[in-house]
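Peer 1: One structure coming up, written as structure tokens, with questions to follow.
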2 protein chains.
Amino acid sequence: LDEKAMEIAALHVDQLTKPQGSLGKLEQLAIQLAGMTGELHPDLSTRAVMIFAADHGVCEEGVSAYPQDVTAQMVMNFLNGGAAINVLSRQNQAEIICVDIGIKSELQHTQLYTRKIRKGTRNLAKEPAMTREEAEKAVLTGIEIANEHAKRGIRMFATGEMGIGNTTASAALFSAFSGLDPVRTTGRGTGVDNGGVRRKQEVIRSAIHLHEPNPADVWDVLHKLGGLEIAGLTGLMLGAAANRCPVVIDGFISSVAAYVAIQLTPAVKPYLIASHLSAETGHRLLLEEMGLSPMLHLDMRLGEGTGAVLCFPLVDAACRLMKEMATFERAGVSREEAPR
Amino acid sequence: LDEKAMEIAALHVDQLTKPQGSLGKLEQLAIQLAGMTGELHPDLSTRAVMIFAADHGVCEEGVSAYPQDVTAQMVMNFLNGGAAINVLSRQNQAEIICVDIGIKSELQHTQLYTRKIRKGTRNLAKEPAMTREEAEKAVLTGIEIANEHAKRGIRMFATGEMGIGNTTASAALFSAFSGLDPVRTTGRGTGVDNGGVRRKQEVIRSAIHLHEPNPADVWDVLHKLGGLEIAGLTGLMLGAAANRCPVVIDGFISSVAAYVAIQLTPAVKPYLIASHLSAETGHRLLLEEMGLSPMLHLDMRLGEGTGAVLCFPLVDAACRLMKEMATFERAGVSREEAPR
């Protein structure tokens, strides 16, 4: 981070006509953005939500309320403009970049970025979800995609994903890294009932027992329990940070990818902006673990990047306040009196 | 509320390509907006933040970190476009309506709505802040202003206020109505230190002891401990609801005005949208008391309507999702499977 830019930003914030600190997280965000970009007034108007899509072999275990085909169907919905993320991206001036990093079926569309590592992960209940090489390749693909889009002018990223079964992989990763029992990391996903949640927990518990992932070895955990879209998002975050671009992270699955990214490279962390607190079990704990505090509390649990894109106006607000607010001096407003 | 419109909206929400309920508060908001307006797709693009400004006699007791003149100075800042609320209103396409309902000094500006009831309240530590008639007049003024602006086409309101000393009046009202000790309702306001907070608490405690406000008599509490801008905002909410306009309420002071409005007319409640959780002590409890759940957690404590206007994009999102998302049928996406 550019500490000089952060100092200048912090000094400027305290000249603005408002009680010190009264803009809360927006002030902190403005200072953080200066640190990331090296600019007091960064222009983040060219931005994109990066949706990584992949399938999950663990769907064989009946861990989702939706059939696996929905991954591909929803990707087509993204490409045709009909999903929630399309509506919110139009509203908040974000491009949608949709990456097939491991969908089971063959999809063709001029707008689809096809970077398939393999056709879905293997069933983590029975064997490692990926090989170590596949996991590495997925992370590298994410980095490459970040580079590519940063190079053509994207200045801020939001993370999104689509992958039926991916809350199971995400909870498995979180449990394996943290040692937390799956009861605390596993939720309803797209909406399984209590029996479904118990089944997910059991699948995760026995997979961790089977694979004995080593929490000190990030790649070991990631390849055994992860998902291709999760690994891709991890790479995206690393690549975005390397290009000094802020990354707004979405809900539980994106946050697991962020957790993995921080394990790989702690320096990525200040580039991450937590958007919303998902209704998915485990998200609150996971954000706390990373020391991130979400701005939106909407009880959403949709993924796609929807919560992240909803945060763009807050990022814009932080930038505009820095640029457009009057100072005490210019506005002729009295300062606070000495504390009494 | 229009229950037929709400039913239609609820049915529509469940046809959209997303797991049921996964848009959380945005779904509930979309249904609530249909109930308020009677329309499935209300057009809320013409909206205003209503800033009621007034002074507080209790400033004599040294309850604020800022000199009392700042009320008028900040109102001039609003009128000149330099305050945080100006920046956020430009960003979120909101008009600013600034009402002098009781500023101590004479202010002249073509954009200022002058509806002064009196030049600031009396010092509530020594005598009732207002007469009962003044409190009633302030509420009626708020209703009139809502009518006036609804009539000329405003379809959604945000509430804002400016008044050095008004967190003291607000905490006094909340304590008097709820019976909660001022320790639980009183915060730093614009930024007093620990000694200042204790002084505020003592002022409130002794004022309640002095005036013995009757919590069952709303007007008795309001005139003895309230503020002119708080009473004005109470009226604004009643008037907005009567015109079937949603009202996005800002932080602690606006929420106290909402509490008073609900006491006067419980039917106003479904027209109120809680925007953010303020850092001001007491706000969380107050919102819980009203059964309202804020969407933004930004640790802000600025007032002016800043938190409320930051919620406009979320209201817009709720409306656009209803209007623009594809249905399962249209997009060819499979529905959830029977629970297993």
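By order in the structure tokens, chains are A, B, ...; within a chain, residues start at 1; ligands start at 1, following the order shown.
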Which chain A residues have any atom within 8 Å of an atom of chain B, and for each, what is the nearest pair of atoms with distance in Å to one decimal, counting only C-alpha atoms, rows sorted by chain and number, as a tab-separated table?
Peer 2:
residue	atom	partner	partner_atom	distance
A:Thr17	CA	B:Ala83	CA	6.3
A:Lys18	CA	B:Leu302	CA	6.9
A:Pro19	CA	B:Thr190	CA	5.5
A:Gln20	CA	B:Gly191	CA	7.6
A:Gly21	CA	B:Met300	CA	7.9
A:Ser22	CA	B:Arg301	CA	4.9
A:Leu23	CA	B:Met300	CA	4.7
A:Gly24	CA	B:Met300	CA	4.5
A:Lys25	CA	B:Leu298	CA	5.1
A:Leu26	CA	B:Leu298	CA	7.0
A:Ala65	CA	B:Glu336	CA	5.4
A:Tyr66	CA	B:Glu336	CA	4.6
A:Pro67	CA	B:Glu337	CA	6.9
A:Asp69	CA	B:Ser334	CA	7.8
A:Val70	CA	B:Ser334	CA	6.3
A:Gln73	CA	B:Val333	CA	5.5
A:Met74	CA	B:Val333	CA	6.7
A:Asn77	CA	B:Ala331	CA	6.1
A:Gly82	CA	B:Ala326	CA	4.6
A:Ala83	CA	B:Met325	CA	5.5
A:Ala84	CA	B:Met325	CA	5.9
A:Val87	CA	B:Leu321	CA	6.1
A:Leu88	CA	B:Ala317	CA	6.6
A:Gln91	CA	B:Ala317	CA	7.4
A:Thr190	CA	B:Pro19	CA	5.5
A:Gly191	CA	B:Pro19	CA	6.8
A:Val192	CA	B:Pro339	CA	6.7
A:Asp193	CA	B:Pro339	CA	6.6
A:Gly195	CA	B:Arg340	CA	7.4
A:Gly196	CA	B:Arg340	CA	6.9
A:Pro294	CA	B:His297	CA	7.4
A:Met295	CA	B:His297	CA	5.0
A:Leu296	CA	B:Leu296	CA	4.9
A:His297	CA	B:Met295	CA	5.0
A:Leu298	CA	B:Lys25	CA	5.1
A:Asp299	CA	B:Gly24	CA	4.6
A:Met300	CA	B:Gly24	CA	4.5
A:Arg301	CA	B:Ser22	CA	4.8
A:Leu302	CA	B:Ser22	CA	5.2
A:Leu310	CA	B:Leu314	CA	7.4
A:Pro313	CA	B:Pro313	CA	7.3
A:Leu314	CA	B:Leu310	CA	7.4
A:Ala317	CA	B:Leu88	CA	6.6
A:Arg320	CA	B:Val87	CA	6.7
A:Leu321	CA	B:Val87	CA	6.1
A:Glu324	CA	B:Val87	CA	6.3
A:Met325	CA	B:Gly82	CA	5.0
A:Ala326	CA	B:Gly82	CA	4.5
A:Ala331	CA	B:Asn77	CA	6.1
A:Gly332	CA	B:Gln73	CA	7.1
A:Val333	CA	B:Gln73	CA	5.5
A:Ser334	CA	B:Val70	CA	6.3
A:Arg335	CA	B:Tyr66	CA	6.8
A:Glu336	CA	B:Tyr66	CA	4.5
A:Glu337	CA	B:Tyr66	CA	5.7
A:Ala338	CA	B:Ala65	CA	7.6
A:Pro339	CA	B:Asp193	CA	6.6
A:Arg340	CA	B:Gly196	CA	6.9
Peer 1: Residues within 10 Å of Ala10 in chain A, please, as an MDAnalysis selection string. Count only C-alpha atoms; anything in the same chain fewer than 2 positions from it doesn't count.
Peer 2: chainID A and resid 4:8 12:15 27:28 30:32 34 40 322
Peer 1: Write out, as a PDB file, in the first residue's frame, the residues just selected, with N, CA, C and O atoms.
Peer 2:
ATOM      1  N   LYS A   4       2.183   6.998   1.846  1.00  0.00           N
ATOM      2  CA  LYS A   4       2.176   8.445   1.653  1.00  0.00           C
ATOM      3  C   LYS A   4       0.783   8.897   1.198  1.00  0.00           C
ATOM      4  O   LYS A   4       0.206   9.854   1.748  1.00  0.00           O
ATOM      5  N   ALA A   5       0.232   8.195   0.216  1.00  0.00           N
ATOM      6  CA  ALA A   5      -1.111   8.545  -0.283  1.00  0.00           C
ATOM      7  C   ALA A   5      -2.151   8.391   0.825  1.00  0.00           C
ATOM      8  O   ALA A   5      -3.091   9.198   0.931  1.00  0.00           O
ATOM      9  N   MET A   6      -1.978   7.373   1.673  1.00  0.00           N
ATOM     10  CA  MET A   6      -2.929   7.174   2.763  1.00  0.00           C
ATOM     11  C   MET A   6      -2.870   8.311   3.782  1.00  0.00           C
ATOM     12  O   MET A   6      -3.893   8.750   4.304  1.00  0.00           O
ATOM     13  N   GLU A   7      -1.644   8.786   4.039  1.00  0.00           N
ATOM     14  CA  GLU A   7      -1.486   9.912   4.972  1.00  0.00           C
ATOM     15  C   GLU A   7      -2.170  11.162   4.447  1.00  0.00           C
ATOM     16  O   GLU A   7      -2.879  11.865   5.178  1.00  0.00           O
ATOM     17  N   ILE A   8      -1.939  11.436   3.165  1.00  0.00           N
ATOM     18  CA  ILE A   8      -2.560  12.614   2.551  1.00  0.00           C
ATOM     19  C   ILE A   8      -4.084  12.486   2.586  1.00  0.00           C
ATOM     20  O   ILE A   8      -4.793  13.432   2.924  1.00  0.00           O
ATOM     21  N   HIS A  12      -6.781  14.866   4.549  1.00  0.00           N
ATOM     22  CA  HIS A  12      -7.875  15.516   3.817  1.00  0.00           C
ATOM     23  C   HIS A  12      -9.235  15.196   4.452  1.00  0.00           C
ATOM     24  O   HIS A  12     -10.084  16.077   4.610  1.00  0.00           O
ATOM     25  N   VAL A  13      -9.434  13.931   4.818  1.00  0.00           N
ATOM     26  CA  VAL A  13     -10.707  13.511   5.424  1.00  0.00           C
ATOM     27  C   VAL A  13     -11.047  14.380   6.640  1.00  0.00           C
ATOM     28  O   VAL A  13     -12.207  14.756   6.837  1.00  0.00           O
ATOM     29  N   ASP A  14     -10.027  14.725   7.415  1.00  0.00           N
ATOM     30  CA  ASP A  14     -10.295  15.482   8.640  1.00  0.00           C
ATOM     31  C   ASP A  14     -10.509  16.976   8.411  1.00  0.00           C
ATOM     32  O   ASP A  14     -10.838  17.704   9.344  1.00  0.00           O
ATOM     33  N   GLN A  15     -10.312  17.430   7.163  1.00  0.00           N
ATOM     34  CA  GLN A  15     -10.626  18.828   6.826  1.00  0.00           C
ATOM     35  C   GLN A  15     -12.078  18.998   6.407  1.00  0.00           C
ATOM     36  O   GLN A  15     -12.555  20.128   6.260  1.00  0.00           O
ATOM     37  N   GLU A  27     -14.987   6.544   5.422  1.00  0.00           N
ATOM     38  CA  GLU A  27     -13.704   7.252   5.578  1.00  0.00           C
ATOM     39  C   GLU A  27     -12.537   6.276   5.472  1.00  0.00           C
ATOM     40  O   GLU A  27     -11.547   6.526   4.790  1.00  0.00           O
ATOM     41  N   GLN A  28     -12.679   5.172   6.200  1.00  0.00           N
ATOM     42  CA  GLN A  28     -11.606   4.172   6.184  1.00  0.00           C
ATOM     43  C   GLN A  28     -11.397   3.643   4.774  1.00  0.00           C
ATOM     44  O   GLN A  28     -10.273   3.436   4.323  1.00  0.00           O
ATOM     45  N   ALA A  30     -12.073   5.197   1.952  1.00  0.00           N
ATOM     46  CA  ALA A  30     -11.447   6.220   1.112  1.00  0.00           C
ATOM     47  C   ALA A  30      -9.932   6.219   1.303  1.00  0.00           C
ATOM     48  O   ALA A  30      -9.170   6.316   0.334  1.00  0.00           O
ATOM     49  N   ILE A  31      -9.512   6.088   2.547  1.00  0.00           N
ATOM     50  CA  ILE A  31      -8.074   6.081   2.842  1.00  0.00           C
ATOM     51  C   ILE A  31      -7.425   4.812   2.281  1.00  0.00           C
ATOM     52  O   ILE A  31      -6.343   4.845   1.688  1.00  0.00           O
ATOM     53  N   GLN A  32      -8.143   3.699   2.439  1.00  0.00           N
ATOM     54  CA  GLN A  32      -7.642   2.416   1.932  1.00  0.00           C
ATOM     55  C   GLN A  32      -7.527   2.445   0.404  1.00  0.00           C
ATOM     56  O   GLN A  32      -6.542   1.950  -0.158  1.00  0.00           O
ATOM     57  N   ALA A  34      -6.979   5.017  -1.437  1.00  0.00           N
ATOM     58  CA  ALA A  34      -5.792   5.824  -1.770  1.00  0.00           C
ATOM     59  C   ALA A  34      -4.530   4.975  -1.641  1.00  0.00           C
ATOM     60  O   ALA A  34      -3.638   5.042  -2.483  1.00  0.00           O
ATOM     61  N   LEU A  40      -5.212  10.032  -4.659  1.00  0.00           N
ATOM     62  CA  LEU A  40      -6.174  10.603  -3.725  1.00  0.00           C
ATOM     63  C   LEU A  40      -7.587  10.480  -4.295  1.00  0.00           C
ATOM     64  O   LEU A  40      -8.553  10.270  -3.560  1.00  0.00           O
ATOM     65  N   MET A 322     -14.698  12.360  -0.806  1.00  0.00           N
ATOM     66  CA  MET A 322     -13.324  12.888  -0.756  1.00  0.00           C
ATOM     67  C   MET A 322     -13.128  14.028  -1.753  1.00  0.00           C
ATOM     68  O   MET A 322     -12.365  14.955  -1.524  1.00  0.00           O
TER      69      MET A 322
END
Peer 1: Pull the strand (DSSP E or B) assignments for range 48-293 of chain B out of DSSP run on the backbone, and list those residues as an MDAnalysis selection string.
Peer 2: chainID B and resid 48:54 94:102 112:114 156:162 247:249 272:274 276
Peer 1: Would you please extract all alpha helix (DSSP H) residues from range 7-242 of chain A, as assigned by DSSP on the backbone, and give them as a PyMOL selection string?
Peer 2: chain A and resi 7-13+25-37+70-80+84-91+132-151+166-178+182-185+194-211+218-225+228-242
Peer 1: Need to verify the contact set: Pro182 in chain A, 12 Å, only C-alpha atoms, exclusion of same-chain residues closer than 5 positions in sequence. Can you return it as a VMD selection string?
Peer 2: chain A and resid 167 to 177 187 197 to 208 281 to 282
Peer 1: For CA of Glu144 in chain A and CA of Phe52 in chain A, quote the distance in Å rounded to one decimal.
Peer 2: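 Between CA of Glu144 in chain A and CA of Phe52 in chain A the gap is 13.2 Å.
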Peer 1: Can you tell me, as a ChimeraX atom specification, what residues are no more than 9 Å from range 264-275 of chain A when counting only C-alpha atoms, ignoring any on the same chain fewer than 5 positions away?
Peer 2: /A:1,29,32-33,35-36,218-219,237-238,240-242,244-251,255,258-259,287,290,292-297,307-312
Peer 1: Keeping only C-alpha atoms, write the selected residues as a tab-separated table (two decimals), in the first residue's frame.
Peer 2:
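Written output follows (result-v1.tsv):
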chain	number	residue	atom	x	y	z
A	1	LEU	CA	0.00	0.00	0.00
A	29	LEU	CA	-12.45	2.92	2.72
A	32	GLN	CA	-7.64	2.42	1.93
A	33	LEU	CA	-8.46	3.13	-1.72
A	35	GLY	CA	-3.35	3.29	-0.39
A	36	MET	CA	-4.28	0.68	-2.99
A	218	VAL	CA	-2.66	-24.36	1.34
A	219	TRP	CA	-2.40	-26.31	-1.91
A	237	MET	CA	-7.81	-11.59	-6.13
A	238	LEU	CA	-4.06	-12.09	-6.25
A	240	ALA	CA	-6.11	-7.75	-8.97
A	241	ALA	CA	-3.98	-6.81	-5.98
A	242	ALA	CA	-0.84	-7.12	-8.08
A	244	ARG	CA	-3.34	-2.31	-7.54
A	245	CYS	CA	-7.04	-2.81	-8.18
A	246	PRO	CA	-9.52	-3.02	-5.30
A	247	VAL	CA	-11.55	-6.24	-5.17
A	248	VAL	CA	-15.01	-6.24	-3.67
A	249	ILE	CA	-15.68	-9.73	-2.40
A	250	ASP	CA	-19.15	-11.21	-2.43
A	251	GLY	CA	-20.56	-13.76	0.01
A	255	SER	CA	-14.87	-15.12	1.05
A	258	ALA	CA	-10.29	-14.67	-0.22
A	259	TYR	CA	-9.25	-16.73	2.78
A	287	LEU	CA	-15.19	-12.66	7.86
A	290	MET	CA	-10.10	-12.40	8.23
A	292	LEU	CA	-13.18	-7.96	7.55
A	293	SER	CA	-16.35	-6.05	8.34
A	294	PRO	CA	-19.15	-6.17	5.75
A	295	MET	CA	-21.05	-3.00	4.86
A	296	LEU	CA	-24.36	-4.53	3.78
A	297	HIS	CA	-26.62	-6.65	5.98
A	307	GLY	CA	-23.73	-8.48	-2.88
A	308	ALA	CA	-20.40	-7.23	-4.20
A	309	VAL	CA	-21.92	-5.20	-7.01
A	310	LEU	CA	-24.46	-3.73	-4.59
A	311	CYS	CA	-21.44	-2.26	-2.79
A	312	PHE	CA	-20.16	-0.32	-5.78
Peer 1: What does the structure give for the distance between CA of Gly153 in chain A and CA of Glu304 in chain A, in Å to one decimal?
Peer 2: 22.2 Å
Peer 1: Please determine, counting only C-alpha atoms, which residue among B:Leu107, B:Cys98, B:Leu236, B:Gly120 has the shortest atom-to-atom distance to Glu148 in chain B.
Peer 2: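 Smallest distance to Glu148 in chain B is found for B:Leu236.
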Peer 1: Got a sec: who's within 8 Å of range 223-235 of chain A, counting only C-alpha atoms, leaving out chain neighbours fewer than 5 positions off, as a PyMOL selection string?
Peer 2: chain A and resi 52-56+101-102+117+120-121+124+127-132+134-136+138-144+146+159+161-163+166+169-170+172-173+207+211+213+253-254+256-258+260-261
Peer 1: From the options B:Ile164, B:Lys116, B:Val99, B:Ala94, which residue's atoms come nearest to Gly57 in chain B, counting only C-alpha atoms?
Peer 2: B:Ile164
